[in-house]
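Engineer: Input structure_27.pdb, format and content: PDB, C-alpha atoms, pLDDT in the B column.
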ATOM      1  CA  PRO A   1     100.241 109.743 105.043  1.00 88.00           C
ATOM      2  CA  ASP A   2      98.963 109.518 108.610  1.00 89.00           C
ATOM      3  CA  SER A   3     102.411 108.747 110.009  1.00 93.00           C
ATOM      4  CA  GLY A   4     106.088 108.956 109.116  1.00 96.00           C
ATOM      5  CA  TYR A   5     106.833 112.547 110.095  1.00 97.00           C
ATOM      6  CA  ASP A   6     109.788 111.619 112.311  1.00 97.00           C
ATOM      7  CA  TYR A   7     113.351 112.044 111.039  1.00 98.00           C
ATOM      8  CA  ASP A   8     114.013 108.296 110.959  1.00 98.00           C
ATOM      9  CA  SER A   9     111.170 107.782 108.492  1.00 98.00           C
ATOM     10  CA  MET A  10     111.791 110.864 106.398  1.00 98.00           C
ATOM     11  CA  CYS A  11     115.543 110.315 106.087  1.00 98.00           C
ATOM     12  CA  ALA A  12     114.808 106.726 105.071  1.00 98.00           C
ATOM     13  CA  ASP A  13     112.419 108.021 102.395  1.00 97.00           C
ATOM     14  CA  VAL A  14     114.981 110.444 100.967  1.00 96.00           C
ATOM     15  CA  THR A  15     117.698 107.778 101.149  1.00 95.00           C
ATOM     16  CA  ALA A  16     115.496 105.407  99.143  1.00 95.00           C
ATOM     17  CA  VAL A  17     114.996 108.048  96.432  1.00 92.00           C
ATOM     18  CA  LEU A  18     118.707 108.909  96.256  1.00 91.00           C
ATOM     19  CA  THR A  19     119.673 105.238  96.157  1.00 89.00           C
ATOM     20  CA  ALA A  20     117.257 104.595  93.296  1.00 88.00           C
ATOM     21  CA  LEU A  21     118.552 107.582  91.318  1.00 84.00           C
ATOM     22  CA  ALA A  22     122.173 106.565  91.842  1.00 80.00           C
ATOM     23  CA  VAL A  23     121.858 103.277  89.933  1.00 71.00           C
ATOM     24  CA  ASP A  24     124.459 103.113  87.131  1.00 64.00           C
ATOM     25  CA  PRO A  25     124.575 104.186  84.401  1.00 57.00           C
ATOM     26  CA  GLY A  26     123.612 107.702  85.332  1.00 59.00           C
ATOM     27  CA  PRO A  27     124.956 111.223  85.682  1.00 61.00           C
ATOM     28  CA  ASP A  28     127.494 111.825  88.422  1.00 63.00           C
ATOM     29  CA  TYR A  29     125.183 114.303  90.150  1.00 59.00           C
ATOM     30  CA  PHE A  30     122.616 111.526  90.627  1.00 63.00           C
ATOM     31  CA  ARG A  31     125.213 109.411  92.403  1.00 71.00           C
ATOM     32  CA  ARG A  32     126.117 112.146  94.877  1.00 83.00           C
ATOM     33  CA  PRO A  33     123.789 115.144  94.554  1.00 90.00           C
ATOM     34  CA  VAL A  34     123.459 118.377  96.444  1.00 94.00           C
ATOM     35  CA  VAL A  35     120.218 118.114  98.403  1.00 96.00           C
ATOM     36  CA  VAL A  36     118.191 121.277  98.979  1.00 98.00           C
ATOM     37  CA  GLY A  37     115.414 121.909 101.494  1.00 98.00           C
ATOM     38  CA  GLN A  38     113.398 124.947 102.516  1.00 98.00           C
ATOM     39  CA  SER A  39     112.180 125.791 106.038  1.00 96.00           C
ATOM     40  CA  PHE A  40     111.496 122.448 107.739  1.00 97.00           C
ATOM     41  CA  GLY A  41     113.038 120.847 104.650  1.00 98.00           C
ATOM     42  CA  GLY A  42     116.278 122.642 105.479  1.00 98.00           C
ATOM     43  CA  ASN A  43     116.319 120.989 108.891  1.00 98.00           C
ATOM     44  CA  LEU A  44     115.564 117.662 107.217  1.00 98.00           C
ATOM     45  CA  VAL A  45     118.409 117.784 104.682  1.00 98.00           C
ATOM     46  CA  LEU A  46     120.787 118.767 107.473  1.00 97.00           C
ATOM     47  CA  GLU A  47     119.633 115.696 109.401  1.00 98.00           C
ATOM     48  CA  LEU A  48     120.150 113.569 106.292  1.00 98.00           C
ATOM     49  CA  ALA A  49     123.677 114.902 105.791  1.00 97.00           C
ATOM     50  CA  ALA A  50     124.597 114.119 109.394  1.00 97.00           C
ATOM     51  CA  ARG A  51     123.298 110.572 109.059  1.00 97.00           C
ATOM     52  CA  ARG A  52     124.407 109.721 105.497  1.00 95.00           C
ATOM     53  CA  PRO A  53     127.310 111.918 104.358  1.00 95.00           C
ATOM     54  CA  ASP A  54     128.162 109.227 101.820  1.00 92.00           C
ATOM     55  CA  LEU A  55     124.984 109.971  99.886  1.00 92.00           C
ATOM     56  CA  VAL A  56     125.330 113.711  99.297  1.00 94.00           C
ATOM     57  CA  ALA A  57     127.920 116.161  97.993  1.00 93.00           C
ATOM     58  CA  GLY A  58     126.456 118.796 100.295  1.00 96.00           C
ATOM     59  CA  VAL A  59     123.223 120.378 101.441  1.00 98.00           C
ATOM     60  CA  ALA A  60     121.606 123.763 100.972  1.00 98.00           C
ATOM     61  CA  CYS A  61     119.122 125.091 103.518  1.00 98.00           C
ATOM     62  CA  ILE A  62     116.755 127.810 102.270  1.00 98.00           C
ATOM     63  CA  ASP A  63     115.608 129.764 105.337  1.00 96.00           C
ATOM     64  CA  GLY A  64     115.953 126.550 107.294  1.00 96.00           C
ATOM     65  CA  GLY A  65     118.560 124.253 108.764  1.00 97.00           C
ATOM     66  CA  THR A  66     119.017 126.528 111.756  1.00 96.00           C
ATOM     67  CA  ILE A  67     115.408 126.565 112.995  1.00 95.00           C
ATOM     68  CA  ASP A  68     115.796 125.694 116.676  1.00 94.00           C
ATOM     69  CA  LEU A  69     112.238 125.836 117.969  1.00 93.00           C
ATOM     70  CA  ARG A  70     113.183 124.749 121.459  1.00 92.00           C
ATOM     71  CA  SER A  71     115.384 127.809 121.942  1.00 90.00           C
ATOM     72  CA  SER A  72     112.367 130.050 121.292  1.00 87.00           C
ATOM     73  CA  TYR A  73     109.637 127.874 122.819  1.00 92.00           C
ATOM     74  CA  PRO A  74     110.731 126.066 125.993  1.00 93.00           C
ATOM     75  CA  SER A  75     107.705 123.755 125.991  1.00 96.00           C
ATOM     76  CA  TRP A  76     106.050 121.837 123.189  1.00 97.00           C
ATOM     77  CA  ASP A  77     102.657 123.307 124.110  1.00 97.00           C
ATOM     78  CA  SER A  78     103.966 126.846 123.693  1.00 95.00           C
ATOM     79  CA  ALA A  79     105.441 125.975 120.287  1.00 95.00           C
ATOM     80  CA  ALA A  80     102.244 124.302 119.106  1.00 96.00           C
ATOM     81  CA  SER A  81     100.130 127.227 120.239  1.00 94.00           C
ATOM     82  CA  ALA A  82     102.331 129.856 118.578  1.00 92.00           C
ATOM     83  CA  LEU A  83     103.042 128.038 115.319  1.00 92.00           C
ATOM     84  CA  ALA A  84      99.783 126.286 114.479  1.00 93.00           C
ATOM     85  CA  PRO A  85      98.698 127.404 110.999  1.00 92.00           C
ATOM     86  CA  PRO A  86      95.678 129.653 110.547  1.00 90.00           C
ATOM     87  CA  LYS A  87      92.374 127.942 109.777  1.00 92.00           C
ATOM     88  CA  ILE A  88      91.830 128.294 106.040  1.00 93.00           C
ATOM     89  CA  GLU A  89      89.672 125.265 105.329  1.00 95.00           C
ATOM     90  CA  GLY A  90      86.362 126.365 103.826  1.00 96.00           C
ATOM     91  CA  ALA A  91      87.666 129.624 102.359  1.00 96.00           C
ATOM     92  CA  MET A  92      86.862 130.318  98.719  1.00 98.00           C
ATOM     93  CA  TYR A  93      89.748 129.664  96.345  1.00 97.00           C
ATOM     94  CA  ASP A  94      89.219 132.950  94.502  1.00 97.00           C
ATOM     95  CA  GLU A  95      89.366 134.882  97.766  1.00 97.00           C
ATOM     96  CA  LEU A  96      92.498 133.020  98.862  1.00 97.00           C
ATOM     97  CA  ASP A  97      94.119 133.812  95.521  1.00 97.00           C
ATOM     98  CA  ARG A  98      93.249 137.491  95.946  1.00 97.00           C
ATOM     99  CA  ARG A  99      94.664 137.560  99.480  1.00 96.00           C
ATOM    100  CA  PHE A 100      97.902 135.840  98.441  1.00 95.00           C
ATOM    101  CA  ARG A 101      98.473 138.333  95.654  1.00 97.00           C
ATOM    102  CA  ALA A 102      97.720 141.272  97.933  1.00 97.00           C
ATOM    103  CA  MET A 103     100.116 139.973 100.593  1.00 94.00           C
ATOM    104  CA  HIS A 104     102.900 139.219  98.091  1.00 95.00           C
ATOM    105  CA  PRO A 105     102.776 141.870  95.356  1.00 96.00           C
ATOM    106  CA  ASP A 106     106.405 141.244  94.343  1.00 96.00           C
ATOM    107  CA  TRP A 107     106.020 137.474  93.849  1.00 97.00           C
ATOM    108  CA  PRO A 108     105.924 136.094  90.293  1.00 97.00           C
ATOM    109  CA  ASP A 109     102.738 134.361  89.229  1.00 97.00           C
ATOM    110  CA  ALA A 110     104.443 130.960  89.418  1.00 96.00           C
ATOM    111  CA  GLY A 111     105.260 131.567  93.085  1.00 97.00           C
ATOM    112  CA  ILE A 112     101.647 132.424  93.879  1.00 97.00           C
ATOM    113  CA  ARG A 113     100.318 129.404  92.002  1.00 97.00           C
ATOM    114  CA  GLY A 114     102.885 127.146  93.638  1.00 96.00           C
ATOM    115  CA  SER A 115     101.817 128.273  97.098  1.00 96.00           C
ATOM    116  CA  LEU A 116      98.136 127.886  96.268  1.00 97.00           C
ATOM    117  CA  ALA A 117      98.869 124.311  95.168  1.00 97.00           C
ATOM    118  CA  ASN A 118      99.219 123.498  98.873  1.00 96.00           C
ATOM    119  CA  PHE A 119      95.411 123.499  98.958  1.00 97.00           C
ATOM    120  CA  GLU A 120      92.857 121.091  97.592  1.00 97.00           C
ATOM    121  CA  VAL A 121      90.153 122.899  95.619  1.00 98.00           C
ATOM    122  CA  ARG A 122      86.769 121.322  96.215  1.00 97.00           C
ATOM    123  CA  PRO A 123      83.929 121.173  93.671  1.00 97.00           C
ATOM    124  CA  ASP A 124      82.157 124.059  95.414  1.00 97.00           C
ATOM    125  CA  GLY A 125      85.214 126.311  95.046  1.00 97.00           C
ATOM    126  CA  THR A 126      86.307 126.110  98.682  1.00 98.00           C
ATOM    127  CA  VAL A 127      89.756 124.927  99.754  1.00 98.00           C
ATOM    128  CA  ALA A 128      91.305 122.597 102.300  1.00 97.00           C
ATOM    129  CA  PRO A 129      95.027 122.247 103.048  1.00 96.00           C
ATOM    130  CA  TRP A 130      96.567 119.052 101.731  1.00 96.00           C
ATOM    131  CA  LEU A 131      98.620 118.944 104.941  1.00 95.00           C
ATOM    132  CA  THR A 132      96.118 118.558 107.759  1.00 94.00           C
ATOM    133  CA  LEU A 133      96.530 120.351 111.077  1.00 94.00           C
ATOM    134  CA  ASP A 134      97.335 117.072 112.842  1.00 95.00           C
ATOM    135  CA  ARG A 135     100.123 116.263 110.388  1.00 96.00           C
ATOM    136  CA  HIS A 136     101.388 119.834 110.434  1.00 96.00           C
ATOM    137  CA  LEU A 137     101.754 119.566 114.206  1.00 97.00           C
ATOM    138  CA  LYS A 138     103.603 116.260 113.851  1.00 97.00           C
ATOM    139  CA  ILE A 139     106.199 118.025 111.707  1.00 97.00           C
ATOM    140  CA  LEU A 140     106.498 120.840 114.228  1.00 97.00           C
ATOM    141  CA  ARG A 141     106.897 118.302 117.019  1.00 97.00           C
ATOM    142  CA  THR A 142     109.751 116.606 115.158  1.00 98.00           C
ATOM    143  CA  MET A 143     111.449 119.973 114.718  1.00 97.00           C
ATOM    144  CA  TRP A 144     110.954 120.910 118.353  1.00 97.00           C
ATOM    145  CA  GLU A 145     112.363 117.600 119.587  1.00 97.00           C
ATOM    146  CA  SER A 146     115.495 117.749 117.379  1.00 96.00           C
ATOM    147  CA  PRO A 147     117.412 121.043 117.659  1.00 95.00           C
ATOM    148  CA  PRO A 148     119.748 121.519 114.643  1.00 96.00           C
ATOM    149  CA  PRO A 149     122.726 122.703 116.775  1.00 96.00           C
ATOM    150  CA  GLU A 150     123.068 119.116 117.986  1.00 96.00           C
ATOM    151  CA  LEU A 151     124.031 118.162 114.408  1.00 96.00           C
ATOM    152  CA  TYR A 152     126.567 120.851 113.557  1.00 97.00           C
ATOM    153  CA  ALA A 153     129.695 119.108 114.833  1.00 95.00           C
ATOM    154  CA  LYS A 154     128.710 115.880 113.027  1.00 95.00           C
ATOM    155  CA  LEU A 155     128.468 117.386 109.546  1.00 97.00           C
ATOM    156  CA  GLN A 156     131.193 116.234 107.153  1.00 96.00           C
ATOM    157  CA  VAL A 157     129.850 117.733 103.902  1.00 97.00           C
ATOM    158  CA  PRO A 158     129.613 121.396 102.849  1.00 98.00           C
ATOM    159  CA  VAL A 159     126.552 123.328 103.966  1.00 98.00           C
ATOM    160  CA  LEU A 160     125.105 126.402 102.280  1.00 98.00           C
ATOM    161  CA  LEU A 161     122.701 128.513 104.312  1.00 98.00           C
ATOM    162  CA  LEU A 162     120.329 130.829 102.468  1.00 98.00           C
ATOM    163  CA  PRO A 163     118.452 132.679 105.216  1.00 97.00           C
ATOM    164  CA  ALA A 164     115.816 135.300 104.485  1.00 96.00           C
ATOM    165  CA  GLU A 165     115.773 138.483 106.520  1.00 91.00           C
ATOM    166  CA  SER A 166     112.232 139.743 106.998  1.00 81.00           C
ATOM    167  CA  PRO A 167     112.305 143.148 108.712  1.00 70.00           C
ATOM    168  CA  GLY A 168     109.369 143.596 111.031  1.00 63.00           C
ATOM    169  CA  ALA A 169     108.413 139.902 111.112  1.00 63.00           C
ATOM    170  CA  PRO A 170     106.846 139.280 114.534  1.00 57.00           C
ATOM    171  CA  THR A 171     107.914 135.693 115.194  1.00 62.00           C
ATOM    172  CA  ALA A 172     110.479 134.762 117.810  1.00 62.00           C
ATOM    173  CA  TRP A 173     112.329 132.745 115.168  1.00 64.00           C
ATOM    174  CA  SER A 174     112.790 135.783 112.903  1.00 70.00           C
ATOM    175  CA  GLU A 175     114.288 137.765 115.767  1.00 75.00           C
ATOM    176  CA  ALA A 176     116.643 134.928 116.717  1.00 83.00           C
ATOM    177  CA  LYS A 177     117.688 134.106 113.140  1.00 90.00           C
ATOM    178  CA  PRO A 178     120.924 136.161 112.851  1.00 92.00           C
ATOM    179  CA  GLU A 179     122.307 134.661 116.040  1.00 93.00           C
ATOM    180  CA  ALA A 180     121.254 131.152 114.991  1.00 94.00           C
ATOM    181  CA  VAL A 181     122.921 131.507 111.592  1.00 96.00           C
ATOM    182  CA  GLY A 182     126.091 132.821 113.218  1.00 96.00           C
ATOM    183  CA  ARG A 183     126.137 129.880 115.591  1.00 95.00           C
ATOM    184  CA  ALA A 184     125.863 127.454 112.689  1.00 97.00           C
ATOM    185  CA  LEU A 185     128.658 129.126 110.738  1.00 97.00           C
ATOM    186  CA  GLY A 186     130.903 128.923 113.785  1.00 96.00           C
ATOM    187  CA  ALA A 187     130.205 125.247 114.470  1.00 97.00           C
ATOM    188  CA  ILE A 188     129.938 123.619 111.029  1.00 97.00           C
ATOM    189  CA  THR A 189     133.332 122.734 109.548  1.00 95.00           C
ATOM    190  CA  ASN A 190     132.551 123.873 106.005  1.00 97.00           C
ATOM    191  CA  ALA A 191     129.626 126.276 105.812  1.00 97.00           C
ATOM    192  CA  GLN A 192     128.814 129.427 103.886  1.00 97.00           C
ATOM    193  CA  VAL A 193     125.884 131.833 104.004  1.00 98.00           C
ATOM    194  CA  HIS A 194     124.062 133.950 101.460  1.00 98.00           C
ATOM    195  CA  TRP A 195     121.483 136.278 102.975  1.00 97.00           C
ATOM    196  CA  PHE A 196     118.392 137.402 101.084  1.00 97.00           C
ATOM    197  CA  SER A 197     117.174 140.743 102.431  1.00 93.00           C
ATOM    198  CA  PRO A 198     114.514 141.916 102.519  1.00 93.00           C
ATOM    199  CA  ALA A 199     112.844 138.640 101.701  1.00 95.00           C
ATOM    200  CA  ASP A 200     109.980 136.407 102.715  1.00 94.00           C
ATOM    201  CA  HIS A 201     110.326 133.031 104.380  1.00 93.00           C
ATOM    202  CA  ASP A 202     109.267 131.480 101.052  1.00 96.00           C
ATOM    203  CA  VAL A 203     112.110 133.244  99.282  1.00 97.00           C
ATOM    204  CA  HIS A 204     112.280 130.465  96.687  1.00 97.00           C
ATOM    205  CA  ALA A 205     108.771 131.438  95.573  1.00 97.00           C
ATOM    206  CA  GLN A 206     109.478 135.150  95.821  1.00 97.00           C
ATOM    207  CA  HIS A 207     112.866 135.201  94.051  1.00 97.00           C
ATOM    208  CA  PRO A 208     113.194 131.853  92.232  1.00 97.00           C
ATOM    209  CA  ASP A 209     115.788 132.977  89.699  1.00 97.00           C
ATOM    210  CA  GLN A 210     118.051 134.563  92.314  1.00 97.00           C
ATOM    211  CA  VAL A 211     117.857 131.492  94.560  1.00 98.00           C
ATOM    212  CA  ALA A 212     118.642 129.248  91.594  1.00 97.00           C
ATOM    213  CA  ASP A 213     121.630 131.410  90.647  1.00 98.00           C
ATOM    214  CA  VAL A 214     123.091 131.130  94.153  1.00 98.00           C
ATOM    215  CA  LEU A 215     122.625 127.357  94.185  1.00 97.00           C
ATOM    216  CA  LEU A 216     124.170 126.886  90.746  1.00 96.00           C
ATOM    217  CA  GLU A 217     127.158 129.033  91.660  1.00 96.00           C
ATOM    218  CA  ALA A 218     127.701 126.964  94.811  1.00 96.00           C
ATOM    219  CA  VAL A 219     127.713 123.756  92.764  1.00 92.00           C
ATOM    220  CA  GLY A 220     130.850 125.048  91.046  1.00 90.00           C
ATOM    221  CA  THR A 221     132.552 126.339  94.180  1.00 94.00           C
ATOM    222  CA  LEU A 222     131.428 125.128  97.607  1.00 95.00           C
ATOM    223  CA  PHE A 223     130.175 121.724  96.511  1.00 94.00           C
ATOM    224  CA  THR A 224     133.061 120.708  94.251  1.00 84.00           C
TER     225      THR A 224
END
Can the structure in the file be given as structure tokens, please?
Structural biologist:
Amino acid sequence: PDSGYDYDSMCADVTAVLTALAVDPGPDYFRRPVVVGQSFGGNLVLELAARRPDLVAGVACIDGGTIDLRSSYPSWDSAASALAPPKIEGAMYDELDRRFRAMHPDWPDAGIRGSLANFEVRPDGTVAPWLTLDRHLKILRTMWESPPPELYAKLQVPVLLLPAESPGAPTAWSEAKPEAVGRALGAITNAQVHWFSPADHDVHAQHPDQVADVLLEAVGTLFT
């Protein structure tokens, strides 16, 4: 959509889905599920948990939930300039597929195909991102305007952090990640962490089985 990338709208969307799934009769985990988000999605599920702890048994943040853009980029313009996605529109799908596989030789095929599904494939074989640059920047702006540390003291449900350590990654966020995760663990009442290292930001695509195992184990321990 053209709009709705603010937390008020997105939390309302997720709340509507959870409310619909919770209609009796249904499994207990539909009535109070663990909600999982990756990257920006991690920040979003943390926001949801702070606003509606009655809806969730807990949240899991996969390399997200602690992304405080304002601590790394003091102005919105600096954040937008540094984090705008590369221009891929017009590239050939076959070439993009080749580049993805070369960049991520340890990813399973499903992870590659899942990432490539972020792009529309046109009749001439070129691609365009489903998420336009304008909408991508709206998401970044929401993240920049709402630092996660402001939520930590409000969280009443368990939080599982699954950060990915990427040695050599050049971004300011990667360098600040250990400190940010430590800050969250110290401020959230009931939080645990499971590091993936070395791992890519899209660790769910890189190591789907391992991520699933950690989440399923937490359902029987942290989120009980």
Engineer: Determine the residue membership of the PyMOL selection byres ((chain A and resi 47) around 8) for the file above and supply it as a PyMOL selection string.
Structural biologist: chain A and resi 7+11+43-46+48-51+148+151
Engineer: Could you tell me which of A:Asp94, A:Asp77, A:Asp68, A:Asp202 comes closest to Glu165 in chain A if we count only C-alpha atoms?
Structural biologist: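 Result for the nearest residue to Glu165 in chain A: A:Asp202.
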Engineer: Suppose a student applies the PyMOL selection byres ((chain A and resi 90) around 6) to this structure; what residues should they get, written as an NGL selection string?
Structural biologist: :A and (89 or 91 or 126-127)
Engineer: Write out as lines of an AutoDock Vina configuration file an axis-aligned box for range 79-87 of chain A: all of its atoms listed in the file, 4 Å added on each side, centre and edge lengths in Å with one decimal.
Structural biologist:
center_x = 98.9
center_y = 127.1
center_z = 115.0
size_x = 21.1
size_y = 13.6
size_z = 18.5
Engineer: Expand the PyMOL selection byres ((chain A and resi 187) around 10) into the individual residues it matches in the shown file, reporting them as an mmCIF file with C-alpha atoms, keeping the file's coordinate frame.
Structural biologist:
data_model
loop_
_atom_site.group_PDB
_atom_site.id
_atom_site.type_symbol
_atom_site.label_atom_id
_atom_site.label_comp_id
_atom_site.auth_asym_id
_atom_site.auth_seq_id
_atom_site.Cartn_x
_atom_site.Cartn_y
_atom_site.Cartn_z
ATOM 1 C CA PRO A 149 122.726 122.703 116.775
ATOM 2 C CA LEU A 151 124.031 118.162 114.408
ATOM 3 C CA TYR A 152 126.567 120.851 113.557
ATOM 4 C CA ALA A 153 129.695 119.108 114.833
ATOM 5 C CA LYS A 154 128.710 115.880 113.027
ATOM 6 C CA LEU A 155 128.468 117.386 109.546
ATOM 7 C CA GLY A 182 126.091 132.821 113.218
ATOM 8 C CA ARG A 183 126.137 129.880 115.591
ATOM 9 C CA ALA A 184 125.863 127.454 112.689
ATOM 10 C CA LEU A 185 128.658 129.126 110.738
ATOM 11 C CA GLY A 186 130.903 128.923 113.785
ATOM 12 C CA ILE A 188 129.938 123.619 111.029
ATOM 13 C CA THR A 189 133.332 122.734 109.548
ATOM 14 C CA ASN A 190 132.551 123.873 106.005
ATOM 15 C CA ALA A 191 129.626 126.276 105.812
#
Engineer: Between A:Arg113, A:Gly58, A:Leu162, A:Glu150, which is the closest to Asp213 in chain A once you count all atoms listed in the file?
Structural biologist: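 The closest residue to Asp213 in chain A is A:Leu162.
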Engineer: Taking into account only C-alpha atoms, which residue in the set A:Ala80, A:Val56, A:Thr221, A:Asp63 is nearest to Thr142 in chain A?
Structural biologist: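 Looking only at the distances to Thr142 in chain A, the closest residue turns out to be A:Ala80.
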Engineer: Residues within 12 Å of Gly111 in chain A, please, as a VMD selection string. Count only C-alpha atoms; anything in the same chain fewer than 6 positions from it doesn't count.
Structural biologist: chain A and resid 97 100 to 101 104 to 105 117 to 118 200 202 to 209
Engineer: Return the single residue from A:Ala79, A:Ala16, A:Leu69, A:Leu215 that is closest to Arg52 in chain A, with distances computed using all atoms listed in the file.
Structural biologist: A:Ala16
Engineer: Quick one: of A:Gly42, A:Gly37, A:Pro85, A:Pro74, who's nearest to Arg135 in chain A, counting only C-alpha atoms?
Structural biologist: A:Pro85
Engineer: Could you work out how far CA of Pro167 in chain A lies from CA of Met143 in chain A, giving the answer in Å with one decimal?
Structural biologist: 24.0 Å
Engineer: Would you pick out the contacts of Gln38 in chain A at 7 Å or less, using all atoms listed in the file, so that residues sharing its chain but fewer than 6 positions from it are not included, and give the list as a VMD selection string?
Structural biologist: chain A and resid 61 to 64
Engineer: Tell me which of A:Val36, A:Ala218, A:Ala84, A:Ala57 sits closest to Leu137 in chain A, counting all atoms listed in the file.
Structural biologist: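 Smallest distance to Leu137 in chain A is found for A:Ala84.
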Engineer: Could you tell me how far CA of Leu133 in chain A sits from CA of Ser3 in chain A, in Å to one decimal place?
Structural biologist: 13.1 Å
Engineer: One decimal, in Å: what's the spacing between CA of Ala102 in chain A and CA of Ser72 in chain A?
Structural biologist: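 Distance between the two atoms: 29.8 Å.
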